[in-house]
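entry_4.txt (compact mmCIF, C-alpha atoms)
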```txt
# COMPACT_ATOMS: atom_id res chain seq x y z
CA MET A 250 0.00 0.00 0.00
CA ASN A 251 1.28 3.48 -0.73
CA GLU A 252 0.98 6.41 1.60
CA GLU A 253 -2.18 7.69 -0.07
CA GLU A 254 -4.04 4.41 0.58
CA ASN A 255 -2.95 4.36 4.20
CA ARG A 256 -4.55 7.65 5.12
CA PRO A 257 -7.49 7.27 7.52
CA VAL A 258 -9.37 10.21 5.94
CA ARG A 259 -9.31 11.29 2.31
CA TRP A 260 -11.05 14.14 0.53
CA ASN A 261 -11.63 15.53 -2.95
CA LEU A 262 -13.53 18.31 -4.66
CA ASP A 263 -15.44 17.81 -7.90
CA ASP A 264 -16.39 20.22 -10.69
CA ASN A 265 -19.90 20.62 -9.29
CA GLY A 266 -18.55 22.21 -6.13
CA VAL A 267 -19.22 19.11 -4.01
CA ALA A 268 -16.38 18.21 -1.66
CA GLU A 269 -16.26 14.64 -0.40
CA LEU A 270 -14.68 13.55 2.84
CA ILE A 271 -14.23 9.80 3.03
CA MET A 272 -13.45 8.14 6.37
CA CYS A 273 -11.50 5.05 5.36
CA ASP A 274 -9.48 3.76 8.32
CA ARG A 275 -10.11 0.05 7.66
CA GLU A 276 -7.67 -1.06 10.30
CA ARG A 277 -9.44 0.73 13.19
CA ASN A 278 -12.96 0.95 11.73
CA ASN A 279 -12.96 4.76 11.76
CA LEU A 280 -12.65 4.87 15.54
CA PHE A 281 -11.68 8.29 16.86
CA THR A 282 -8.01 7.55 17.47
CA ASP A 283 -5.68 10.51 17.84
CA SER A 284 -4.39 10.18 14.30
CA PHE A 285 -7.90 9.75 12.90
CA ILE A 286 -9.17 12.92 14.55
CA ASP A 287 -6.11 14.88 13.37
CA ALA A 288 -6.70 13.64 9.83
CA PHE A 289 -10.43 14.41 10.00
CA LEU A 290 -9.97 17.95 11.32
CA GLY A 291 -7.05 18.54 8.96
CA ALA A 292 -9.16 17.50 5.96
CA LEU A 293 -11.97 19.76 7.15
CA SER A 294 -9.61 22.75 7.30
CA GLU A 295 -8.29 22.04 3.81
CA ILE A 296 -11.83 21.66 2.47
CA GLU A 297 -12.90 24.97 4.04
CA LYS A 298 -10.14 26.77 2.13
CA GLU A 299 -11.57 25.49 -1.15
CA ARG A 300 -15.05 26.98 -0.47
CA PRO A 301 -17.07 24.01 -1.76
CA ILE A 302 -20.83 24.55 -2.07
CA CYS A 303 -21.57 21.38 -0.18
CA LEU A 304 -19.71 18.61 1.70
CA LEU A 305 -20.58 14.94 1.43
CA ILE A 306 -19.24 12.74 4.24
CA SER A 307 -19.08 8.98 3.82
CA GLY A 308 -17.42 6.04 5.58
CA LEU A 309 -16.56 2.41 4.93
CA PRO A 310 -19.27 0.14 3.47
CA ASP A 311 -19.80 -1.60 6.83
CA VAL A 312 -18.77 1.08 9.29
CA PHE A 313 -19.46 4.80 9.11
CA SER A 314 -17.70 5.31 12.45
CA GLY A 315 -17.58 3.65 15.83
CA GLY A 316 -16.80 6.80 17.83
CA ALA A 317 -14.23 7.06 20.61
CA ASP A 318 -11.49 4.45 20.99
CA LYS A 319 -10.61 2.63 24.19
CA GLU A 320 -7.39 4.55 24.90
CA THR A 321 -9.16 7.91 24.76
CA LEU A 322 -11.94 6.71 27.06
CA LEU A 323 -9.47 5.30 29.58
CA ASP A 324 -7.58 8.62 29.49
CA LEU A 325 -10.83 10.34 30.38
CA CYS A 326 -11.27 7.90 33.28
CA ASP A 327 -7.80 8.90 34.47
CA GLY A 328 -8.84 12.54 34.46
CA LYS A 329 -6.74 13.50 31.45
CA ILE A 330 -8.56 16.10 29.48
CA VAL A 331 -9.14 15.04 25.91
CA VAL A 332 -10.91 17.73 23.94
CA LYS A 333 -10.19 16.50 20.45
CA ASP A 334 -13.36 14.53 19.72
CA LEU A 335 -15.44 17.43 21.02
CA GLU A 336 -13.79 19.54 18.37
CA ILE A 337 -15.35 17.31 15.70
CA SER A 338 -18.92 18.25 16.61
CA GLU A 339 -18.05 21.92 17.05
CA ARG A 340 -16.26 22.15 13.73
CA LEU A 341 -19.03 20.32 11.84
CA VAL A 342 -21.84 22.41 13.29
CA ALA A 343 -19.91 25.61 12.55
CA ALA A 344 -18.97 24.59 8.98
CA PRO A 345 -19.86 27.31 6.45
CA PHE A 346 -21.18 24.79 3.90
CA PRO A 347 -24.06 22.33 4.22
CA ILE A 348 -23.04 18.79 5.13
CA VAL A 349 -24.67 15.64 3.76
CA SER A 350 -23.82 12.41 5.60
CA ALA A 351 -24.05 9.19 3.61
CA MET A 352 -24.19 6.70 6.50
CA GLN A 353 -24.03 3.36 4.72
CA GLY A 354 -22.41 1.47 7.57
CA HIS A 355 -22.95 1.37 11.34
CA ALA A 356 -22.64 4.64 13.23
CA VAL A 357 -22.20 4.41 16.97
CA GLY A 358 -21.52 7.00 19.68
CA GLY A 359 -19.40 9.79 18.27
CA GLY A 360 -19.86 8.23 14.84
CA LEU A 361 -23.57 8.92 15.06
CA VAL A 362 -22.82 12.47 16.20
CA ILE A 363 -21.10 13.20 12.87
CA GLY A 364 -24.46 12.53 11.25
CA LEU A 365 -26.34 14.56 13.86
CA CYS A 366 -24.09 17.55 13.14
CA SER A 367 -24.94 17.33 9.43
CA ASP A 368 -27.72 19.10 7.58
CA VAL A 369 -28.80 16.00 5.66
CA MET A 370 -28.63 12.41 6.93
CA VAL A 371 -29.13 9.29 4.82
CA LEU A 372 -29.18 5.96 6.69
CA ALA A 373 -29.14 2.30 5.60
CA ARG A 374 -31.97 -0.09 6.47
CA GLU A 375 -29.49 -2.88 7.26
CA SER A 376 -27.01 -0.92 9.41
CA ARG A 377 -27.23 -0.03 13.07
CA TYR A 378 -27.20 3.35 14.75
CA GLY A 379 -26.66 3.82 18.44
CA ALA A 380 -25.87 6.28 21.20
CA VAL A 381 -24.20 3.59 23.29
CA PHE A 382 -22.32 5.80 25.77
CA MET A 383 -24.26 4.55 28.81
CA ASN A 384 -23.42 0.91 28.01
CA LEU A 385 -19.90 1.94 28.97
CA GLY A 386 -21.11 3.60 32.17
CA PHE A 387 -20.67 7.26 31.25
CA THR A 388 -23.16 9.85 30.06
CA PRO A 389 -23.40 10.89 26.39
CA GLY A 390 -21.03 13.50 24.97
CA MET A 391 -20.20 15.54 21.87
CA GLY A 392 -23.59 17.28 22.02
CA THR A 393 -25.66 14.09 21.77
CA THR A 394 -28.04 15.07 24.61
CA GLU A 395 -29.31 18.04 22.59
CA LEU A 396 -28.64 17.00 19.00
CA LEU A 397 -30.19 13.51 19.15
CA PRO A 398 -33.64 14.57 20.49
CA MET A 399 -33.63 17.40 17.97
CA ALA A 400 -32.95 15.03 15.07
CA PHE A 401 -34.74 11.77 15.99
CA GLY A 402 -37.42 13.06 18.38
CA PRO A 403 -37.29 13.10 22.20
CA PHE A 404 -38.72 9.66 22.95
CA ILE A 405 -36.61 7.64 20.55
CA ALA A 406 -33.59 9.72 21.62
CA SER A 407 -34.24 8.90 25.30
CA GLU A 408 -34.55 5.20 24.53
CA MET A 409 -31.34 5.27 22.50
CA MET A 410 -29.38 7.16 25.15
CA LEU A 411 -30.76 5.55 28.33
CA GLY A 412 -31.06 2.00 26.95
CA GLY A 413 -27.97 2.07 24.77
CA ARG A 414 -29.52 -0.22 22.16
CA MET A 415 -28.27 0.01 18.61
CA PHE A 416 -31.26 0.40 16.31
CA ARG A 417 -31.41 -1.05 12.84
CA GLY A 418 -32.12 1.55 10.15
CA SER A 419 -35.27 -0.36 9.15
CA GLU A 420 -36.56 -0.04 12.72
CA LEU A 421 -35.88 3.69 12.81
CA ALA A 422 -37.79 3.97 9.53
CA GLU A 423 -40.77 2.07 11.00
CA ARG A 424 -40.77 4.38 13.99
CA GLY A 425 -40.91 7.37 11.70
CA VAL A 426 -37.55 8.89 12.56
CA PRO A 427 -37.56 12.02 10.40
CA VAL A 428 -34.15 11.88 8.72
CA ASN A 429 -33.89 12.51 4.96
CA ALA A 430 -33.94 8.88 3.89
CA ILE A 431 -33.54 5.36 5.26
CA VAL A 432 -32.90 3.20 2.21
CA PRO A 433 -31.23 -0.12 1.34
CA LYS A 434 -27.50 0.08 1.95
CA ALA A 435 -26.68 -0.12 -1.75
CA ASP A 436 -28.69 3.07 -2.41
CA VAL A 437 -27.38 5.24 0.45
CA TYR A 438 -24.44 6.83 -1.33
CA ARG A 439 -26.38 7.53 -4.53
CA ARG A 440 -29.26 9.09 -2.62
CA ALA A 441 -26.96 11.27 -0.53
CA ARG A 442 -24.97 12.38 -3.56
CA ARG A 443 -28.15 13.32 -5.38
CA ILE A 444 -29.12 15.65 -2.53
CA ALA A 445 -25.58 17.11 -2.45
CA LEU A 446 -25.74 17.82 -6.19
CA GLN A 447 -29.11 19.55 -5.83
CA ILE A 448 -27.58 21.84 -3.21
CA ALA A 449 -24.45 22.42 -5.31
CA ASP A 450 -26.63 23.73 -8.12
CA LYS A 451 -27.28 26.96 -6.14
CA PRO A 452 -25.04 30.05 -5.82
CA VAL A 453 -22.38 29.46 -3.19
CA ASP A 454 -22.93 32.76 -1.34
CA SER A 455 -26.66 32.10 -1.02
CA VAL A 456 -26.03 28.57 0.17
CA TYR A 457 -23.55 29.77 2.82
CA LEU A 458 -25.95 32.44 4.07
CA LEU A 459 -28.85 30.03 4.35
CA LYS A 460 -26.68 27.39 5.96
CA TYR A 461 -25.55 29.91 8.58
CA THR A 462 -29.15 30.81 9.38
CA LEU A 463 -30.40 27.23 9.46
CA SER A 464 -27.59 26.07 11.72
CA SER A 465 -28.00 28.76 14.38
CA GLU A 466 -30.29 26.60 16.54
CA LYS A 467 -27.88 23.68 16.39
CA ARG A 468 -24.93 25.88 17.30
CA LYS A 469 -26.81 27.23 20.33
CA ARG A 470 -27.90 23.76 21.42
CA LEU A 471 -24.39 22.42 21.13
CA ILE A 472 -23.13 25.09 23.53
CA ASP A 473 -25.89 24.19 26.04
CA ALA A 474 -25.23 20.49 25.63
CA ARG A 475 -21.51 20.85 26.18
CA ARG A 476 -22.05 22.64 29.49
CA ASN A 477 -24.22 19.86 30.89
CA GLU A 478 -22.31 17.02 29.31
CA ASP A 479 -18.94 18.22 30.62
CA LEU A 480 -20.40 18.41 34.10
CA MET A 481 -21.83 14.89 33.88
CA HIS A 482 -18.52 13.58 32.51
CA ARG A 483 -16.65 14.95 35.48
CA ILE A 484 -18.80 12.69 37.64
CA THR A 485 -19.25 9.61 35.43
CA PHE A 486 -15.74 9.10 34.01
CA PRO A 487 -13.94 8.72 37.35
CA MET A 488 -16.45 6.05 38.53
CA PRO A 489 -14.76 2.63 38.90
CA GLU A 490 -17.70 0.96 37.14
CA THR A 491 -17.11 3.11 34.04
CA ARG A 492 -13.52 1.91 33.81
CA ARG A 493 -14.62 -1.70 34.30
CA ARG A 494 -17.29 -1.43 31.61
CA ILE A 495 -14.93 0.21 29.11
CA SER A 496 -12.28 -2.47 29.67
CA GLU A 497 -14.82 -5.28 29.27
CA GLN A 498 -16.60 -3.87 26.26
CA TYR A 499 -13.48 -3.53 24.19
CA ASN A 500 -12.06 -6.85 25.33
CA GLU A 501 -12.08 -8.81 22.07
CA MET B 74 -35.05 -24.14 31.82
CA THR B 75 -34.29 -26.57 28.99
CA LYS B 76 -31.90 -25.99 26.12
CA GLU B 77 -34.86 -26.07 23.70
CA GLU B 78 -36.44 -23.16 25.58
CA VAL B 79 -33.16 -21.25 25.42
CA ILE B 80 -32.99 -21.82 21.67
CA GLU B 81 -36.55 -20.50 21.39
CA VAL B 82 -35.51 -17.30 23.19
CA ILE B 83 -32.55 -16.85 20.83
CA LYS B 84 -34.71 -17.54 17.76
CA ARG B 85 -37.33 -15.03 18.89
CA ASN B 86 -34.65 -12.37 19.31
CA ILE B 87 -33.21 -13.16 15.88
CA VAL B 88 -36.67 -12.65 14.36
CA GLU B 89 -37.08 -9.37 16.24
CA ASN B 90 -33.67 -8.09 15.27
CA LEU B 91 -33.50 -9.06 11.61
CA ASP B 92 -35.69 -8.30 8.63
CA ASP B 93 -37.57 -11.09 6.89
CA VAL B 94 -36.55 -14.07 9.06
CA GLU B 95 -39.15 -16.48 10.47
CA ALA B 96 -38.50 -18.51 13.63
CA ASP B 97 -39.47 -21.82 11.98
CA SER B 98 -36.90 -21.35 9.25
CA ILE B 99 -33.98 -20.95 11.65
CA ASP B 100 -31.63 -23.92 11.90
CA ALA B 101 -29.70 -23.86 15.21
CA THR B 102 -26.69 -25.63 13.69
CA LYS B 103 -26.11 -22.55 11.55
CA SER B 104 -24.54 -19.20 12.36
CA MET B 105 -26.71 -16.08 12.62
CA LYS B 106 -24.61 -14.73 9.76
CA GLU B 107 -26.42 -17.13 7.43
CA TYR B 108 -29.63 -15.28 8.18
CA GLY B 109 -28.11 -11.95 7.24
CA ALA B 110 -26.93 -10.85 10.69
CA ASN B 111 -23.98 -8.44 10.76
CA SER B 112 -21.66 -8.07 13.76
CA LEU B 113 -23.81 -5.48 15.57
CA ASP B 114 -26.99 -7.50 14.87
CA MET B 115 -25.35 -10.44 16.65
CA ILE B 116 -24.36 -8.27 19.62
CA GLU B 117 -27.98 -7.09 19.95
CA VAL B 118 -29.42 -10.63 19.68
CA VAL B 119 -26.98 -11.96 22.27
CA SER B 120 -27.34 -9.10 24.73
CA THR B 121 -31.16 -9.05 24.55
CA SER B 122 -31.26 -12.82 25.02
CA MET B 123 -28.90 -12.65 28.02
CA ARG B 124 -31.04 -9.97 29.65
CA GLU B 125 -34.13 -12.09 29.10
CA LEU B 126 -32.42 -15.16 30.60
CA ASN B 127 -30.93 -13.11 33.42
CA ILE B 128 -27.35 -14.15 32.76
CA LYS B 129 -24.14 -12.21 32.08
CA ILE B 130 -21.35 -13.73 30.01
CA PRO B 131 -18.06 -11.93 29.30
CA ARG B 132 -17.57 -11.02 25.65
CA SER B 133 -14.34 -12.98 25.44
CA GLU B 134 -16.27 -16.23 26.05
CA LEU B 135 -18.77 -15.44 23.31
CA ALA B 136 -16.29 -14.50 20.61
CA GLU B 137 -15.32 -18.05 19.64
CA LEU B 138 -18.83 -19.49 19.30
CA GLY B 139 -19.68 -20.69 15.80
CA ASN B 140 -23.44 -21.27 15.69
CA ILE B 141 -26.75 -20.83 17.52
CA ASP B 142 -26.52 -24.26 19.13
CA GLU B 143 -23.12 -23.48 20.68
CA LEU B 144 -24.51 -20.16 21.92
CA ALA B 145 -27.37 -22.03 23.58
CA ASP B 146 -24.87 -24.43 25.24
CA LYS B 147 -22.91 -21.45 26.59
CA PHE B 148 -26.14 -19.90 27.89
CA MET B 149 -27.09 -23.22 29.58
CA GLU B 150 -23.70 -23.33 31.30
CA TYR B 151 -24.42 -19.97 32.93
CA ILE B 152 -28.09 -20.72 33.65
CA ASN B 153 -27.04 -23.87 35.53
CA LYS B 154 -24.40 -21.93 37.46
CA GLY B 155 -27.36 -19.95 38.82
```
What is this structure when it is put down as structure tokens?
Amino acid sequence: MNEEENRPVRWNLDDNGVAELIMCDRERNNLFTDSFIDAFLGALSEIEKERPICLLISGLPDVFSGGADKETLLDLCDGKIVVKDLEISERLVAAPFPIVSAMQGHAVGGGLVIGLCSDVMVLARESRYGAVFMNLGFTPGMGTTELLPMAFGPFIASEMMLGGRMFRGSELAERGVPVNAIVPKADVYRRARRIALQIADKPVDSVYLLKYTLSSEKRKRLIDARRNEDLMHRITFPMPETRRRISEQYNE
Amino acid sequence: MTKEEVIEVIKRNIVENLDDVEADSIDATKSMKEYGANSLDMIEVVSTSMRELNIKIPRSELAELGNIDELADKFMEYINKG
């Protein structure tokens, strides 16, 4: 493999003004390792410089992203402050261009948050989506407590966060979760790209202005969420049970 | 509880967690993968079944199991431990 193929995150910009960010860390299933987050945020900065009209985010066929990795979570248990993954939600919500997430594969924890921070979300019937933080003993982060109820509705969001169950896309569709589309896996990318192209057809300045207006509620909610979530994390990460659950869960 | 009853619990959870699978069509000598289950589907089926049976089995012990029948045997081991 050459260096290009080894990169955990790649991006490109097409003639239509659609930038694509592809999360492709096969080895670690797009978990938020240090190097993954650096690559993700780095790509985002480079994309911003190009002023695309729209950004399409996609992942691996089976995994969109699994969220935080074990080392980061154990660091949090030890009281080390890790702010990097929080930066992902902040940067996405504050992006000047609309974001379309093509979530073909599973999206769990922080991986789901990438979708929640987007303007358009396309899910797969066969894949699973979960806010599994509490399975590991600690309370949800990255803005999930505000962004998930806003996107999926308060009752489903409560069940996902409190129960920690990973829902199949088909089940979310049956429950009427109001995302843009929940389609067979094979159609996710095409459907998401079609929406991105429709957006890219408009004047870039108008798109940026409208995006800024439409995202104001999300930006406000993220600030509120962070305040409460940080407080809860200060209590839940140092708990011995949290450490035990994290160690067990990732024990292959 | 008998092993047959445990298999029924697992089958019911497979039906609830997967699209287009009927309990009668499930062969316990096969892996859930053959019925279209992906890795997270299997985690959901196993964890819901364990909750229903009131048992807790470490992940490391579940990783090497090859089919539904072996899963039921592992569940029985823990049910009998009480």
Taking only C-alpha atoms into account, produce a table as CSV in which each residue of chain A with an atom at most 12 Å from an atom of chain B appears once, together with its shortest atom pair and the distance in Å to one decimal, ordered by chain and rising number.
```
residue,atom,partner,partner_atom,distance
A:Asp311,CA,B:Asn111,CA,8.9
A:Val312,CA,B:Leu113,CA,10.4
A:Gly315,CA,B:Leu113,CA,11.1
A:Gly354,CA,B:Asn111,CA,10.5
A:His355,CA,B:Leu113,CA,8.1
A:Ala356,CA,B:Leu113,CA,10.5
A:Val357,CA,B:Leu113,CA,10.1
A:Arg374,CA,B:Asp92,CA,9.3
A:Glu375,CA,B:Asp92,CA,8.3
A:Ser376,CA,B:Asn111,CA,8.2
A:Arg377,CA,B:Leu113,CA,6.9
A:Tyr378,CA,B:Leu113,CA,9.5
A:Gly379,CA,B:Leu113,CA,10.1
A:Val381,CA,B:Glu117,CA,11.8
A:Asn384,CA,B:Ser120,CA,11.2
A:Gly412,CA,B:Thr121,CA,11.3
A:Gly413,CA,B:Glu117,CA,10.4
A:Arg414,CA,B:Glu117,CA,7.4
A:Met415,CA,B:Glu117,CA,7.2
A:Phe416,CA,B:Asn90,CA,8.9
A:Arg417,CA,B:Asn90,CA,7.8
A:Gly418,CA,B:Asp92,CA,10.6
A:Ser419,CA,B:Asp92,CA,8.0
A:Glu420,CA,B:Asn90,CA,8.9
A:Glu423,CA,B:Asp92,CA,11.8
A:Pro433,CA,B:Asp92,CA,11.8
A:Arg493,CA,B:Pro131,CA,11.9
A:Arg494,CA,B:Pro131,CA,10.8
A:Ser496,CA,B:Arg132,CA,10.8
A:Glu497,CA,B:Arg132,CA,7.3
A:Gln498,CA,B:Arg132,CA,7.2
A:Tyr499,CA,B:Arg132,CA,8.7
A:Asn500,CA,B:Ser133,CA,6.5
A:Glu501,CA,B:Ser133,CA,5.8
```
Report as JSON, numbers by chain all protein, DNA and RNA residues lying within 9 Å of Leu144 in chain B, evaluated on all atoms listed in the file, omitting residues in the same chain fewer than 4 positions from it. {"B": [80, 83, 119, 135, 138, 139, 140, 148, 149]}
Sorted per-residue table, range 301-414 of chain A near range 436-453 of chain A, closest atoms and distance, 9 Å, all atoms listed in the file, as a Markdown table:
```
| residue | atom | partner | partner_atom | distance |
| --- | --- | --- | --- | --- |
| A:Pro301 | CA | A:Val453 | CA | 7.7 |
| A:Ile302 | CA | A:Val453 | CA | 5.3 |
| A:Cys303 | CA | A:Ala449 | CA | 6.0 |
| A:Leu304 | CA | A:Ala445 | CA | 7.3 |
| A:Leu305 | CA | A:Ala445 | CA | 6.7 |
| A:Ser307 | CA | A:Tyr438 | CA | 7.7 |
| A:Phe346 | CA | A:Val453 | CA | 8.6 |
| A:Pro347 | CA | A:Ile448 | CA | 8.2 |
| A:Ile348 | CA | A:Ala445 | CA | 8.2 |
| A:Val349 | CA | A:Ala445 | CA | 6.4 |
| A:Ser350 | CA | A:Ala441 | CA | 7.0 |
| A:Ala351 | CA | A:Ala441 | CA | 5.5 |
| A:Met352 | CA | A:Val437 | CA | 7.0 |
| A:Gln353 | CA | A:Val437 | CA | 5.7 |
| A:Val369 | CA | A:Ala441 | CA | 8.0 |
| A:Met370 | CA | A:Ala441 | CA | 7.7 |
| A:Val371 | CA | A:Ala441 | CA | 6.1 |
| A:Leu372 | CA | A:Val437 | CA | 6.5 |
| A:Ala373 | CA | A:Val437 | CA | 6.2 |
```
Could you check the closest approach to Ile128 in chain B for each of B:Asp100, B:Glu81, B:Glu150, B:Glu143 and tell me which residue wins, using only C-alpha atoms?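 Once distances to Ile128 in chain B are computed over only C-alpha atoms, the minimum belongs to B:Glu150.
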What lies within 9 Å of range 482-486 of chain A using only C-alpha atoms, ignoring chain neighbours under 5 positions off, as a list of chain:residue names?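 Using only C-alpha atoms, the neighbours found are A:Leu322, A:Leu323, A:Leu325, A:Cys326, A:Asp327, A:Gly328, A:Gly386, A:Phe387, A:Thr388, A:Pro389, A:Gly390, A:Asn477, A:Thr491, A:Arg492.
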For the atom pair CA of Gly155 in chain B and CA of Met115 in chain B, what is the interatomic distance in Å to one decimal place? 24.2 Å
Identify which of the residues B:Ser122, B:Ile141, B:Asn153, B:Glu78 lies closest to Lys106 in chain B, counting all atoms listed in the file when measuring atom-to-atom distances.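 Looking at the shortest contact to Lys106 in chain B, the residue is B:Ile141.
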Can you fill out range 98-112 of chain B with N, CA, C and O atoms and hand it back as a PDB file, keeping the file's coordinate frame?
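Output saved as part.pdb:
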```pdb
ATOM      1  N   SER B  98     -37.914 -21.112  10.289  1.00  0.00           N
ATOM      2  CA  SER B  98     -36.900 -21.350   9.250  1.00  0.00           C
ATOM      3  C   SER B  98     -35.479 -21.337   9.798  1.00  0.00           C
ATOM      4  O   SER B  98     -34.525 -21.598   9.076  1.00  0.00           O
ATOM      5  N   ILE B  99     -35.335 -21.047  11.110  1.00  0.00           N
ATOM      6  CA  ILE B  99     -33.980 -20.950  11.650  1.00  0.00           C
ATOM      7  C   ILE B  99     -33.448 -22.311  12.089  1.00  0.00           C
ATOM      8  O   ILE B  99     -34.089 -23.029  12.860  1.00  0.00           O
ATOM      9  N   ASP B 100     -32.282 -22.666  11.569  1.00  0.00           N
ATOM     10  CA  ASP B 100     -31.630 -23.920  11.900  1.00  0.00           C
ATOM     11  C   ASP B 100     -30.516 -23.610  12.922  1.00  0.00           C
ATOM     12  O   ASP B 100     -29.594 -22.851  12.631  1.00  0.00           O
ATOM     13  N   ALA B 101     -30.638 -24.213  14.121  1.00  0.00           N
ATOM     14  CA  ALA B 101     -29.700 -23.860  15.210  1.00  0.00           C
ATOM     15  C   ALA B 101     -28.272 -24.303  14.941  1.00  0.00           C
ATOM     16  O   ALA B 101     -27.344 -23.824  15.586  1.00  0.00           O
ATOM     17  N   THR B 102     -28.070 -25.211  13.982  1.00  0.00           N
ATOM     18  CA  THR B 102     -26.690 -25.630  13.690  1.00  0.00           C
ATOM     19  C   THR B 102     -25.976 -24.606  12.805  1.00  0.00           C
ATOM     20  O   THR B 102     -24.810 -24.775  12.480  1.00  0.00           O
ATOM     21  N   LYS B 103     -26.723 -23.577  12.407  1.00  0.00           N
ATOM     22  CA  LYS B 103     -26.110 -22.550  11.550  1.00  0.00           C
ATOM     23  C   LYS B 103     -25.758 -21.298  12.358  1.00  0.00           C
ATOM     24  O   LYS B 103     -26.271 -21.089  13.454  1.00  0.00           O
ATOM     25  N   SER B 104     -24.911 -20.480  11.729  1.00  0.00           N
ATOM     26  CA  SER B 104     -24.540 -19.200  12.360  1.00  0.00           C
ATOM     27  C   SER B 104     -25.609 -18.161  12.014  1.00  0.00           C
ATOM     28  O   SER B 104     -26.271 -18.255  10.984  1.00  0.00           O
ATOM     29  N   MET B 105     -25.755 -17.169  12.894  1.00  0.00           N
ATOM     30  CA  MET B 105     -26.710 -16.080  12.620  1.00  0.00           C
ATOM     31  C   MET B 105     -26.357 -15.362  11.332  1.00  0.00           C
ATOM     32  O   MET B 105     -27.208 -14.792  10.675  1.00  0.00           O
ATOM     33  N   LYS B 106     -25.062 -15.402  10.984  1.00  0.00           N
ATOM     34  CA  LYS B 106     -24.610 -14.730   9.760  1.00  0.00           C
ATOM     35  C   LYS B 106     -25.376 -15.238   8.541  1.00  0.00           C
ATOM     36  O   LYS B 106     -25.643 -14.496   7.616  1.00  0.00           O
ATOM     37  N   GLU B 107     -25.721 -16.554   8.585  1.00  0.00           N
ATOM     38  CA  GLU B 107     -26.420 -17.130   7.430  1.00  0.00           C
ATOM     39  C   GLU B 107     -27.812 -16.558   7.266  1.00  0.00           C
ATOM     40  O   GLU B 107     -28.436 -16.719   6.220  1.00  0.00           O
ATOM     41  N   TYR B 108     -28.311 -15.901   8.296  1.00  0.00           N
ATOM     42  CA  TYR B 108     -29.630 -15.280   8.180  1.00  0.00           C
ATOM     43  C   TYR B 108     -29.512 -13.772   7.975  1.00  0.00           C
ATOM     44  O   TYR B 108     -30.446 -13.021   8.191  1.00  0.00           O
ATOM     45  N   GLY B 109     -28.314 -13.360   7.592  1.00  0.00           N
ATOM     46  CA  GLY B 109     -28.110 -11.950   7.240  1.00  0.00           C
ATOM     47  C   GLY B 109     -27.668 -11.069   8.397  1.00  0.00           C
ATOM     48  O   GLY B 109     -27.634  -9.846   8.254  1.00  0.00           O
ATOM     49  N   ALA B 110     -27.325 -11.670   9.539  1.00  0.00           N
ATOM     50  CA  ALA B 110     -26.930 -10.850  10.690  1.00  0.00           C
ATOM     51  C   ALA B 110     -25.508 -10.300  10.504  1.00  0.00           C
ATOM     52  O   ALA B 110     -24.599 -11.036  10.137  1.00  0.00           O
ATOM     53  N   ASN B 111     -25.328  -9.015  10.746  1.00  0.00           N
ATOM     54  CA  ASN B 111     -23.980  -8.440  10.760  1.00  0.00           C
ATOM     55  C   ASN B 111     -23.488  -8.442  12.209  1.00  0.00           C
ATOM     56  O   ASN B 111     -24.210  -8.871  13.122  1.00  0.00           O
ATOM     57  N   SER B 112     -22.255  -7.950  12.420  1.00  0.00           N
ATOM     58  CA  SER B 112     -21.660  -8.070  13.760  1.00  0.00           C
ATOM     59  C   SER B 112     -22.495  -7.378  14.845  1.00  0.00           C
ATOM     60  O   SER B 112     -22.686  -7.928  15.931  1.00  0.00           O
TER      61      SER B 112
END
```
